[in-house]
>>> print(open('query-v7.txt').read())   # compact mmCIF, C-alpha atoms
# COMPACT_ATOMS: atom_id res chain seq x y z
CA MET A 830 0.00 0.00 0.00
CA MET A 831 1.34 3.41 -0.96
CA ALA A 832 -1.60 5.48 -2.02
CA PRO A 833 -3.25 7.81 -1.16
CA LEU A 834 0.23 9.25 -0.66
CA PHE A 835 -0.94 12.06 1.62
CA LYS A 836 -2.68 9.57 3.93
CA PHE A 837 0.52 7.56 4.18
CA GLY A 838 2.46 10.65 5.19
CA ALA A 839 4.39 11.15 1.96
CA PHE A 840 3.94 14.92 2.40
CA GLY A 841 2.35 17.29 4.85
CA ASP A 842 -0.42 19.89 4.96
CA GLU A 843 1.62 22.72 3.49
CA PHE A 844 2.77 20.72 0.49
CA SER A 845 -0.77 19.43 -0.01
CA LEU A 846 -1.70 23.01 -0.93
CA VAL A 847 0.90 22.97 -3.70
CA VAL A 848 -0.60 19.68 -4.89
CA ALA A 849 -4.04 21.29 -4.76
CA PHE A 850 -2.88 24.21 -6.88
CA LEU A 851 -1.25 21.93 -9.48
CA LEU A 852 -4.26 19.61 -9.65
CA GLY A 853 -6.45 22.70 -10.02
CA ILE A 854 -4.38 23.82 -13.00
CA GLY A 855 -4.94 20.43 -14.63
CA PHE A 856 -8.64 20.58 -13.79
CA GLY A 857 -9.13 24.07 -15.20
CA PHE A 858 -7.04 23.28 -18.26
CA ALA A 859 -9.09 20.16 -19.04
CA LEU A 860 -12.38 22.03 -18.56
CA GLU A 861 -11.34 24.81 -20.93
CA ARG A 862 -9.99 22.33 -23.52
CA ALA A 863 -13.35 20.57 -23.49
CA GLY A 864 -15.10 23.87 -24.21
CA PHE A 865 -16.63 24.11 -20.75
CA GLY A 866 -15.75 27.77 -20.39
CA SER A 867 -18.58 28.41 -22.83
CA ALA A 868 -22.18 28.49 -21.61
CA ARG A 869 -23.53 27.78 -25.07
CA LYS A 870 -21.34 24.72 -25.43
CA LEU A 871 -22.39 23.48 -21.98
CA THR A 872 -26.11 24.06 -22.47
CA SER A 873 -26.10 22.44 -25.93
CA GLN A 874 -26.21 19.22 -23.93
CA PHE A 875 -29.83 20.00 -23.06
CA TYR A 876 -30.84 20.68 -26.67
CA LEU A 877 -29.30 17.37 -27.74
CA ASN A 878 -27.15 18.82 -30.52
CA ASP A 879 -23.82 18.63 -28.68
CA MET A 880 -23.54 16.05 -25.93
CA ALA A 881 -19.99 16.97 -24.92
CA VAL A 882 -21.01 17.48 -21.28
CA PHE A 883 -22.18 13.90 -21.02
CA LYS A 884 -19.26 12.52 -23.02
CA VAL A 885 -16.56 14.39 -21.13
CA MET A 886 -18.09 13.76 -17.73
CA PHE A 887 -18.62 10.06 -18.20
CA THR A 888 -15.26 9.53 -19.88
CA ALA A 889 -13.66 11.24 -16.88
CA ILE A 890 -15.68 9.20 -14.40
CA VAL A 891 -14.87 5.94 -16.19
CA THR A 892 -11.17 6.82 -16.47
CA ALA A 893 -10.82 7.69 -12.79
CA MET A 894 -13.06 4.81 -11.71
CA LEU A 895 -10.99 2.24 -13.63
CA GLY A 896 -7.75 3.73 -12.34
CA ILE A 897 -8.94 3.62 -8.74
CA PHE A 898 -10.31 0.10 -9.18
CA TYR A 899 -7.16 -1.35 -10.72
CA LEU A 900 -4.80 0.47 -8.37
CA SER A 901 -6.64 -0.85 -5.34
CA TRP A 902 -6.98 -4.31 -6.90
CA ALA A 903 -3.20 -4.35 -7.46
CA GLY A 904 -2.70 -3.44 -3.82
CA PHE A 905 -1.18 -0.03 -4.56
CA MET A 906 -4.06 2.01 -3.19
CA ASP A 907 -6.11 1.61 -0.04
CA LEU A 908 -9.68 2.36 -1.05
CA SER A 909 -10.77 2.55 2.59
CA LEU A 910 -8.65 5.68 3.01
CA VAL A 911 -10.36 7.46 0.13
CA TYR A 912 -12.88 10.05 1.22
CA LEU A 913 -16.48 9.10 0.62
CA GLU A 914 -19.16 11.71 1.24
CA PRO A 915 -21.92 10.20 3.40
CA THR A 916 -25.18 9.96 1.50
CA HIS A 917 -28.12 12.09 2.62
CA ILE A 918 -30.44 10.96 -0.09
CA TRP A 919 -33.27 13.53 0.11
CA PRO A 920 -31.26 16.75 0.21
CA MET A 921 -29.00 15.31 -2.49
CA ILE A 922 -31.96 14.59 -4.75
CA VAL A 923 -33.58 17.98 -4.18
CA GLY A 924 -30.25 19.79 -4.27
CA GLY A 925 -29.39 18.07 -7.54
CA LEU A 926 -32.68 19.17 -9.06
CA VAL A 927 -32.19 22.79 -7.95
CA LEU A 928 -28.64 22.66 -9.29
CA GLY A 929 -29.93 21.33 -12.61
CA PHE A 930 -32.36 24.26 -12.82
CA GLY A 931 -29.45 26.59 -12.10
CA PHE A 932 -27.37 24.94 -14.81
CA ILE A 933 -29.83 25.58 -17.64
CA VAL A 934 -30.88 29.02 -16.34
CA GLY A 935 -27.36 30.26 -15.67
CA GLY A 936 -25.35 28.24 -18.17
CA TYR A 937 -22.55 27.09 -15.88
CA CYS A 938 -21.73 25.26 -12.70
CA PRO A 939 -19.39 26.71 -10.07
CA GLY A 940 -16.21 25.18 -11.57
CA THR A 941 -16.98 26.02 -15.17
CA SER A 942 -18.03 29.58 -14.28
CA LEU A 943 -14.49 30.15 -13.00
CA VAL A 944 -13.08 29.03 -16.34
CA ALA A 945 -15.63 31.19 -18.18
CA MET A 946 -14.69 34.19 -16.06
CA VAL A 947 -10.94 33.90 -16.63
CA THR A 948 -11.45 33.49 -20.37
CA GLY A 949 -13.38 36.75 -20.55
CA ARG A 950 -17.03 35.80 -20.16
CA LEU A 951 -18.85 38.48 -18.20
CA ASP A 952 -21.76 36.09 -17.73
CA GLY A 953 -19.35 33.71 -16.00
CA LEU A 954 -18.42 36.40 -13.49
CA VAL A 955 -22.04 37.35 -12.88
CA PHE A 956 -22.97 33.68 -12.48
CA LEU A 957 -20.26 33.34 -9.85
CA LEU A 958 -21.65 36.35 -7.97
CA GLY A 959 -24.99 34.55 -8.03
CA VAL A 960 -23.31 31.47 -6.56
CA PHE A 961 -22.08 33.56 -3.64
CA VAL A 962 -25.56 34.94 -3.04
CA GLY A 963 -27.11 31.47 -3.25
CA ILE A 964 -24.65 30.17 -0.67
CA LEU A 965 -25.32 33.17 1.55
CA VAL A 966 -29.07 32.55 1.35
CA PHE A 967 -28.49 28.91 2.22
CA GLY A 968 -26.23 29.87 5.12
CA GLU A 969 -28.72 32.36 6.52
CA ALA A 970 -31.59 29.89 6.13
CA TYR A 971 -29.53 27.03 7.54
CA PRO A 972 -31.21 27.00 10.97
CA LEU A 973 -34.53 26.43 9.15
CA LEU A 974 -33.11 23.96 6.63
CA GLU A 975 -31.03 21.91 9.02
CA GLY A 976 -33.70 19.24 9.56
CA PHE A 977 -34.04 18.58 5.85
CA TYR A 978 -30.28 18.90 5.30
CA GLU A 979 -29.72 15.99 7.67
CA ALA A 980 -32.65 13.92 6.33
CA GLY A 981 -32.26 10.58 4.58
CA ALA A 982 -28.88 9.83 6.16
CA LEU A 983 -27.67 6.48 4.82
CA GLY A 984 -24.04 6.81 5.92
CA THR A 985 -21.16 6.17 3.55
CA VAL A 986 -22.65 3.84 0.99
CA THR A 987 -21.50 2.90 -2.50
CA LEU A 988 -23.51 1.59 -5.44
CA PRO A 989 -22.04 -1.93 -5.02
CA GLN A 990 -23.18 -1.95 -1.39
CA ALA A 991 -26.64 -0.61 -2.21
CA LEU A 992 -27.13 -3.07 -5.08
CA HIS A 993 -25.48 -5.99 -3.24
CA LEU A 994 -23.18 -6.58 -6.19
CA PRO A 995 -19.39 -7.04 -6.32
CA TYR A 996 -17.43 -3.80 -6.83
CA GLY A 997 -15.82 -5.06 -10.03
CA LEU A 998 -19.16 -5.98 -11.54
CA VAL A 999 -20.56 -2.49 -10.92
CA VAL A 1000 -17.40 -1.04 -12.49
CA LEU A 1001 -18.05 -3.20 -15.56
CA LEU A 1002 -21.72 -2.16 -15.67
CA VAL A 1003 -20.78 1.53 -15.50
CA VAL A 1004 -18.31 1.04 -18.36
CA LEU A 1005 -20.94 -0.72 -20.47
CA MET A 1006 -23.51 1.95 -19.61
CA ALA A 1007 -21.07 4.67 -20.61
CA ILE A 1008 -20.26 3.00 -23.94
CA GLY A 1009 -23.97 2.60 -24.67
CA GLY A 1010 -24.52 6.19 -23.58
CA PHE A 1011 -21.80 7.48 -25.90
CA ALA A 1012 -23.33 5.69 -28.87
CA GLY A 1013 -26.77 7.04 -27.96
CA ALA A 1014 -25.39 10.54 -27.48
CA SER A 1015 -23.72 10.54 -30.89
CA TRP A 1016 -26.94 9.33 -32.46
CA LEU A 1017 -28.87 12.17 -30.79
CA GLU A 1018 -26.28 14.71 -31.96
CA ARG A 1019 -26.80 13.66 -35.57
CA ARG A 1020 -30.57 13.55 -35.14
CA PHE A 1021 -30.81 17.04 -33.59
CA ALA A 1022 -27.96 18.74 -35.47
CA PRO A 1023 -29.05 22.32 -36.09
CA PRO A 1024 -28.22 24.36 -39.17
CA ARG A 1025 -24.95 25.75 -37.82
CA GLU A 1026 -24.88 29.05 -39.68
CA GLU A 1027 -27.18 31.05 -37.37
CA VAL A 1028 -24.25 32.25 -35.26
CA MET B 185 -21.90 42.69 -33.34
CA SER B 186 -22.14 39.39 -31.60
CA THR B 187 -18.70 38.24 -30.53
CA LEU B 188 -19.75 34.72 -29.70
CA PRO B 189 -17.14 32.19 -30.63
CA ALA B 190 -18.41 29.79 -33.23
CA ALA B 191 -19.74 26.77 -31.43
CA PRO B 192 -17.15 24.28 -32.56
CA PRO B 193 -16.82 20.96 -33.90
CA ALA B 194 -18.94 19.91 -36.87
CA GLY B 195 -17.86 21.28 -40.18
CA ALA B 196 -16.39 24.49 -38.76
CA THR B 197 -13.10 23.96 -40.54
CA ALA B 198 -13.56 25.53 -43.96
CA GLY B 199 -14.47 29.10 -43.00
CA ALA B 200 -12.49 29.19 -39.77
CA ALA B 201 -9.13 28.78 -41.48
CA ALA B 202 -9.61 31.95 -43.50
CA ARG B 203 -10.15 34.24 -40.50
CA PRO B 204 -6.95 35.53 -38.91
CA ARG B 205 -7.57 35.09 -35.18
CA ALA B 206 -10.05 32.22 -35.23
CA PRO B 207 -10.06 30.35 -31.92
CA ALA B 208 -8.82 26.78 -32.04
CA PRO B 209 -11.56 24.16 -32.03
CA TYR B 210 -12.29 22.46 -28.73
CA ALA B 211 -10.71 19.15 -27.89
CA ASN B 212 -12.29 15.84 -28.75
CA PRO B 213 -14.67 15.18 -25.82
CA TYR B 214 -13.27 11.72 -25.12
CA LEU B 215 -9.69 13.00 -25.04
CA ALA B 216 -10.70 15.90 -22.78
CA GLY B 217 -12.60 13.43 -20.61
CA ILE B 218 -9.57 11.16 -20.28
CA GLY B 219 -7.47 14.18 -19.35
CA LEU B 220 -10.00 15.27 -16.76
CA GLY B 221 -10.27 11.70 -15.47
CA LEU B 222 -6.50 11.43 -15.06
CA VAL B 223 -6.45 14.68 -13.06
CA LEU B 224 -9.21 13.28 -10.86
CA LEU B 225 -7.35 9.98 -10.50
CA ALA B 226 -4.19 11.88 -9.57
CA ALA B 227 -6.16 13.70 -6.86
CA TYR B 228 -7.28 10.38 -5.43
CA VAL B 229 -3.82 8.80 -5.62
CA LEU B 230 -2.04 11.82 -4.14
CA MET B 231 -4.61 13.06 -1.64
CA GLY B 232 -7.29 10.40 -1.17
CA ARG B 233 -9.92 12.94 -2.17
CA GLY B 234 -11.36 14.22 -5.42
CA LEU B 235 -11.80 17.64 -6.94
CA GLY B 236 -14.21 20.37 -5.92
CA ALA B 237 -15.40 23.88 -6.57
CA SER B 238 -18.37 25.09 -4.52
CA ALA B 239 -16.55 24.76 -1.20
CA ALA B 240 -14.30 27.68 -2.21
CA PRO B 241 -17.08 30.29 -2.52
CA SER B 242 -18.65 28.78 0.61
CA THR B 243 -15.46 29.34 2.55
CA LEU B 244 -15.26 32.91 1.30
CA VAL B 245 -18.89 33.58 2.26
CA ALA B 246 -18.34 32.16 5.76
CA TRP B 247 -15.15 34.18 6.18
CA LEU B 248 -16.79 37.42 5.03
CA MET B 249 -19.80 36.82 7.27
CA ASP B 250 -17.43 36.26 10.17
CA LEU B 251 -15.84 39.65 9.49
CA VAL B 252 -19.19 41.42 9.32
CA ALA B 253 -21.12 39.63 12.04
CA PRO B 254 -18.91 37.30 14.08
CA ALA B 255 -21.42 36.39 16.79
CA HIS B 256 -24.15 35.64 14.26
CA THR B 257 -21.78 33.60 12.08
CA ARG B 258 -20.29 31.55 14.90
CA ALA B 259 -23.74 30.55 16.10
CA ASN B 260 -24.37 28.97 12.69
CA GLU B 261 -23.08 25.43 12.24
CA PHE B 262 -22.98 25.76 8.45
CA TYR B 263 -20.60 28.74 8.52
CA GLN B 264 -18.73 27.25 11.43
CA GLY B 265 -17.82 24.19 9.38
CA TYR B 266 -16.12 26.35 6.77
CA LEU B 267 -14.34 28.53 9.33
CA GLU B 268 -12.69 25.51 10.91
CA GLY B 269 -11.38 23.93 7.71
CA GLY B 270 -8.27 26.03 7.13
CA ILE B 271 -4.63 25.36 7.95
CA GLY B 272 -3.99 28.23 10.35
CA HIS B 273 -6.30 30.63 8.48
CA PRO B 274 -9.90 29.97 7.36
CA LEU B 275 -9.02 30.79 3.74
CA LYS B 276 -5.92 28.60 3.67
CA THR B 277 -7.73 25.46 2.58
CA TRP B 278 -7.06 22.74 0.06
CA ILE B 279 -10.05 23.73 -2.08
CA MET B 280 -9.10 27.42 -2.15
CA PHE B 281 -5.70 26.53 -3.61
CA GLU B 282 -7.26 24.07 -6.01
CA VAL B 283 -9.71 26.71 -7.23
CA LEU B 284 -6.88 29.22 -7.74
CA GLY B 285 -5.29 26.53 -9.89
CA VAL B 286 -8.53 26.07 -11.85
CA MET B 287 -8.47 29.75 -12.75
CA VAL B 288 -4.82 29.61 -13.81
CA GLY B 289 -5.31 26.38 -15.78
CA GLY B 290 -8.44 27.66 -17.51
CA PHE B 291 -6.69 30.90 -18.41
CA LEU B 292 -3.62 29.09 -19.77
CA SER B 293 -5.68 26.76 -21.90
CA GLY B 294 -7.79 29.66 -23.16
CA ILE B 295 -4.87 31.86 -24.10
CA LEU B 296 -2.99 29.02 -25.79
CA ALA B 297 -6.03 28.25 -27.91
CA GLY B 298 -6.78 31.89 -28.72
CA ARG B 299 -10.10 31.64 -26.90
CA LEU B 300 -9.90 34.66 -24.60
CA THR B 301 -12.87 36.79 -25.59
CA ARG B 302 -14.55 39.57 -23.68
CA THR B 303 -18.13 38.65 -24.28
CA VAL B 304 -21.49 37.76 -22.82
CA GLU B 305 -22.42 34.30 -24.04
CA ARG B 306 -25.99 34.18 -25.24
CA GLY B 307 -28.29 33.20 -28.06
CA LEU B 308 -29.46 35.62 -30.72
CA ARG B 309 -32.85 36.31 -29.24
CA ILE B 310 -31.87 37.65 -25.82
CA THR B 311 -30.27 40.92 -24.74
CA ALA B 312 -27.00 40.95 -22.83
CA MET B 313 -28.74 42.43 -19.77
CA ALA B 314 -31.39 39.71 -19.72
CA ARG B 315 -28.69 37.09 -20.13
CA LEU B 316 -26.73 38.53 -17.20
CA ALA B 317 -29.84 38.59 -15.04
CA LEU B 318 -30.43 34.91 -15.83
CA ALA B 319 -26.77 34.11 -15.21
CA PHE B 320 -27.11 35.66 -11.77
CA ALA B 321 -30.34 33.82 -11.02
CA GLY B 322 -28.90 30.53 -12.26
CA GLY B 323 -25.79 31.07 -10.18
CA ALA B 324 -27.89 31.67 -7.09
CA LEU B 325 -29.88 28.47 -7.70
CA MET B 326 -26.62 26.64 -8.26
CA GLY B 327 -25.07 28.02 -5.07
CA PHE B 328 -28.10 27.10 -2.99
CA GLY B 329 -28.51 23.67 -4.59
CA SER B 330 -24.86 22.78 -4.20
CA LYS B 331 -25.00 23.44 -0.48
CA LEU B 332 -28.17 21.41 -0.03
CA ALA B 333 -26.58 18.54 -1.96
CA ARG B 334 -23.19 18.85 -0.16
CA GLY B 335 -21.35 19.45 -3.43
CA CYS B 336 -21.68 20.51 -7.03
CA THR B 337 -20.96 18.91 -10.39
CA SER B 338 -17.25 18.76 -9.48
CA GLY B 339 -17.24 17.73 -5.84
CA GLN B 340 -20.32 15.56 -5.95
CA ALA B 341 -21.05 14.23 -9.45
CA LEU B 342 -17.54 13.82 -10.84
CA THR B 343 -15.65 13.07 -7.64
CA GLY B 344 -18.28 10.85 -6.02
CA GLY B 345 -19.21 9.30 -9.35
CA ALA B 346 -15.74 7.82 -9.81
CA VAL B 347 -15.81 6.09 -6.41
CA LEU B 348 -19.37 4.85 -7.04
CA ASN B 349 -20.86 6.87 -4.20
CA LEU B 350 -24.61 6.20 -4.08
CA GLY B 351 -25.61 9.77 -3.21
CA SER B 352 -23.41 11.20 -5.95
CA TRP B 353 -25.08 9.08 -8.61
CA ALA B 354 -28.55 10.00 -7.40
CA PHE B 355 -27.46 13.64 -7.39
CA MET B 356 -26.05 13.42 -10.92
CA MET B 357 -29.27 11.96 -12.35
CA MET B 358 -31.22 14.79 -10.73
CA VAL B 359 -28.93 17.48 -12.16
CA PHE B 360 -29.57 16.20 -15.68
CA ALA B 361 -33.30 15.83 -14.93
CA GLY B 362 -33.54 19.39 -13.62
CA ALA B 363 -31.69 20.91 -16.55
CA TYR B 364 -33.69 18.98 -19.15
CA ALA B 365 -36.92 19.92 -17.39
CA LEU B 366 -36.30 23.64 -17.91
CA ALA B 367 -34.49 23.41 -21.26
CA TRP B 368 -37.55 24.18 -23.35
CA ALA B 369 -38.48 27.21 -21.24
CA MET B 370 -34.91 28.52 -21.48
CA ARG B 371 -34.37 27.92 -25.20
CA ARG B 372 -34.48 31.61 -26.17
CA GLN B 373 -31.48 32.29 -24.02
CA TRP B 374 -29.28 29.87 -25.86
CA ARG B 375 -30.44 29.19 -29.41
>>> encode(input="query-v7.txt", output="structure tokens")
Amino acid sequence: MMAPLFKFGAFGDEFSLVVAFLLGIGFGFALERAGFGSARKLTSQFYLNDMAVFKVMFTAIVTAMLGIFYLSWAGFMDLSLVYLEPTHIWPMIVGGLVLGFGFIVGGYCPGTSLVAMVTGRLDGLVFLLGVFVGILVFGEAYPLLEGFYEAGALGTVTLPQALHLPYGLVVLLVVLMAIGGFAGASWLERRFAPPREEV
Amino acid sequence: MSTLPAAPPAGATAGAAARPRAPAPYANPYLAGIGLGLVLLAAYVLMGRGLGASAAPSTLVAWLMDLVAPAHTRANEFYQGYLEGGIGHPLKTWIMFEVLGVMVGGFLSGILAGRLTRTVERGLRITAMARLALAFAGGALMGFGSKLARGCTSGQALTGGAVLNLGSWAFMMMVFAGAYALAWAMRRQWR
């Protein structure tokens, strides 16, 4: 066992911030490369003519998932030391829905709005200001929302545990689902391709 | 008048080559996805945690509230959680440094590809002011929703998705559902 390196004491808190900064650079770079600094590119996902959001997201999830799976299978990484956010199913479902509304209304998510902002999009900056206000509203309303925020607590639970299936089998199912999804997404793109020259 | 960059891939090659400062086309989505996935994997291997975004503005909000109204802020568990996360200073957190990196990385990629444009991204049938108002409203929904869900598309969907977290997958389905549900109503903003 060697990984996660930080958990095994390979470096300390201060250096972890350098790691954070470098990983952030990679994250931001990949988002911009994918076109995710553009609200129109991002929202095309929801008009079915450019499914890059789905393709990029699921390729990334599959890539990281396979890496984590094989590294822990090979004994290089201790999966039990990897952080898993405890599931609170109801606030996650409602929060996800509200976030989805925000995505199509505003055109970004918090990470992509940062990339939009630094590449010159004024709407990215304004979106980010909205994010601050939304968080402030949540914070101020927290005493009222706390009950719901803590509702549906299932603890740390993974899909394999919830479905009573082996981890590797769920990994395989996600890969197959992604491949099927990519084929479906490309079919939809052709089906809903707009006449491009309006821009 | 409109300075919107041509929405890339399909068939944009012929005309684009003629213009002098045409932005480079975006990366192939699968290649970009593999790149993003490797960054996420590196985060797990190095740190044992994934990537994030919404925690950074949350930390800033908590810190600012603490400056303005310390007693009020410290009585609130939500703010309190963000005030305690730093290494010596509330703003000295892992996510704050990661988010600074996101801005640098996004800027570098944008400038290398010739994609820095001062613009307001919108469809043809909406004014810039209306678009900005909707961007603000959408941002506010996003900020609120991400706190309710304990994470956003980065920290919840992507990060939790890769480790097969149940809540993250439920969350992700709902994000897509929510966005598709309002897509028709919002079409004038984008098309």
>>> residues_around(input="query-v7.txt", residues="Val223 in chain B", least_positions_apart="3", cutoff="8 Å", atoms="all atoms listed in the file", output="MDAnalysis selection string")
(chainID A and resid 852 855:856) or (chainID B and resid 219:220 226:227)
>>> residues_around(input="query-v7.txt", residues="Phe967 in chain A", least_positions_apart="4", cutoff="9 Å", atoms="only C-alpha atoms", output="VMD selection string")
(chain A and resid 962 to 963 971 974) or (chain B and resid 262 327 to 329 331 to 332)
>>> write_last_selection(input="query-v7.txt", atoms="C-alpha atoms", output="CSV table (one decimal), in the coordinates of the input")
chain,number,residue,atom,x,y,z
A,962,VAL,CA,-25.6,34.9,-3.0
A,963,GLY,CA,-27.1,31.5,-3.2
A,971,TYR,CA,-29.5,27.0,7.5
A,974,LEU,CA,-33.1,24.0,6.6
B,262,PHE,CA,-23.0,25.8,8.4
B,327,GLY,CA,-25.1,28.0,-5.1
B,328,PHE,CA,-28.1,27.1,-3.0
B,329,GLY,CA,-28.5,23.7,-4.6
B,331,LYS,CA,-25.0,23.4,-0.5
B,332,LEU,CA,-28.2,21.4,0.0
>>> residues_near_point(input="query-v7.txt", point="(-21.2, 3.2, 1.0)", cutoff="10 Å", atoms="only C-alpha atoms", output="PyMOL selection string")
(chain A and resi 913-916+983-991) or (chain B and resi 347-351)
>>> residues_around(input="query-v7.txt", residues="Met831 in chain A", least_positions_apart="2", cutoff="8 Å", atoms="all atoms listed in the file", output="list in words")
Pro833, Leu834, Phe837, Phe905, Met906 and Asp907 of chain A
>>> write_last_selection(input="query-v7.txt", atoms="C-alpha atoms", output="CSV table (one decimal), keeping the file's coordinate frame")
chain,number,residue,atom,x,y,z
A,833,PRO,CA,-3.2,7.8,-1.2
A,834,LEU,CA,0.2,9.2,-0.7
A,837,PHE,CA,0.5,7.6,4.2
A,905,PHE,CA,-1.2,0.0,-4.6
A,906,MET,CA,-4.1,2.0,-3.2
A,907,ASP,CA,-6.1,1.6,0.0
>>> residues_around(input="query-v7.txt", residues="range 1002-1014 of chain A", least_positions_apart="4", cutoff="7 Å", atoms="only C-alpha atoms", output="list in words")
Met880, Lys884, Phe887, Val891, Leu998 and Glu1018 of chain A
>>> write_last_selection(input="query-v7.txt", atoms="C-alpha atoms", output="CSV table (one decimal), in the coordinates of the input")
chain,number,residue,atom,x,y,z
A,880,MET,CA,-23.5,16.0,-25.9
A,884,LYS,CA,-19.3,12.5,-23.0
A,887,PHE,CA,-18.6,10.1,-18.2
A,891,VAL,CA,-14.9,5.9,-16.2
A,998,LEU,CA,-19.2,-6.0,-11.5
A,1018,GLU,CA,-26.3,14.7,-32.0
>>> atom_distance(input="query-v7.txt", atom1="CA of Gln264 in chain B", atom2="CA of Gly236 in chain B")
19.2 Å
>>> atom_distance(input="query-v7.txt", atom1="CA of Leu954 in chain A", atom2="CA of Leu316 in chain B")
9.3 Å
>>> closest_residue(input="query-v7.txt", among="B:Ile271, B:Ile310, B:Ala297, B:Ala363", to="chain A", atoms="all atoms listed in the file")
B:Ala363
>>> closest_residue(input="query-v7.txt", among="A:Leu994, A:Ser845, A:Val1000, A:Gly968", to="Gly265 in chain B", atoms="all atoms listed in the file")
A:Gly968
>>> closest_residue(input="query-v7.txt", among="B:Ala333, B:Val252, B:Val283, B:Leu215", to="Leu846 in chain A", atoms="all atoms listed in the file")
B:Val283
>>> atom_distance(input="query-v7.txt", atom1="CA of Gly234 in chain B", atom2="CA of Pro939 in chain A")
15.6 Å
>>> residues_around(input="query-v7.txt", residues="Asn878 in chain A", least_positions_apart="5", cutoff="6 Å", atoms="all atoms listed in the file", output="count of residues only")
4
>>> closest_residue(input="query-v7.txt", among="A:Met921, A:Leu860, A:Ile933, A:Asp842", to="Trp368 in chain B", atoms="all atoms listed in the file")
A:Ile933
>>> closest_residue(input="query-v7.txt", among="A:Trp919, A:Phe844, A:Trp902, A:Phe883", to="Met830 in chain A", atoms="all atoms listed in the file")
A:Trp902
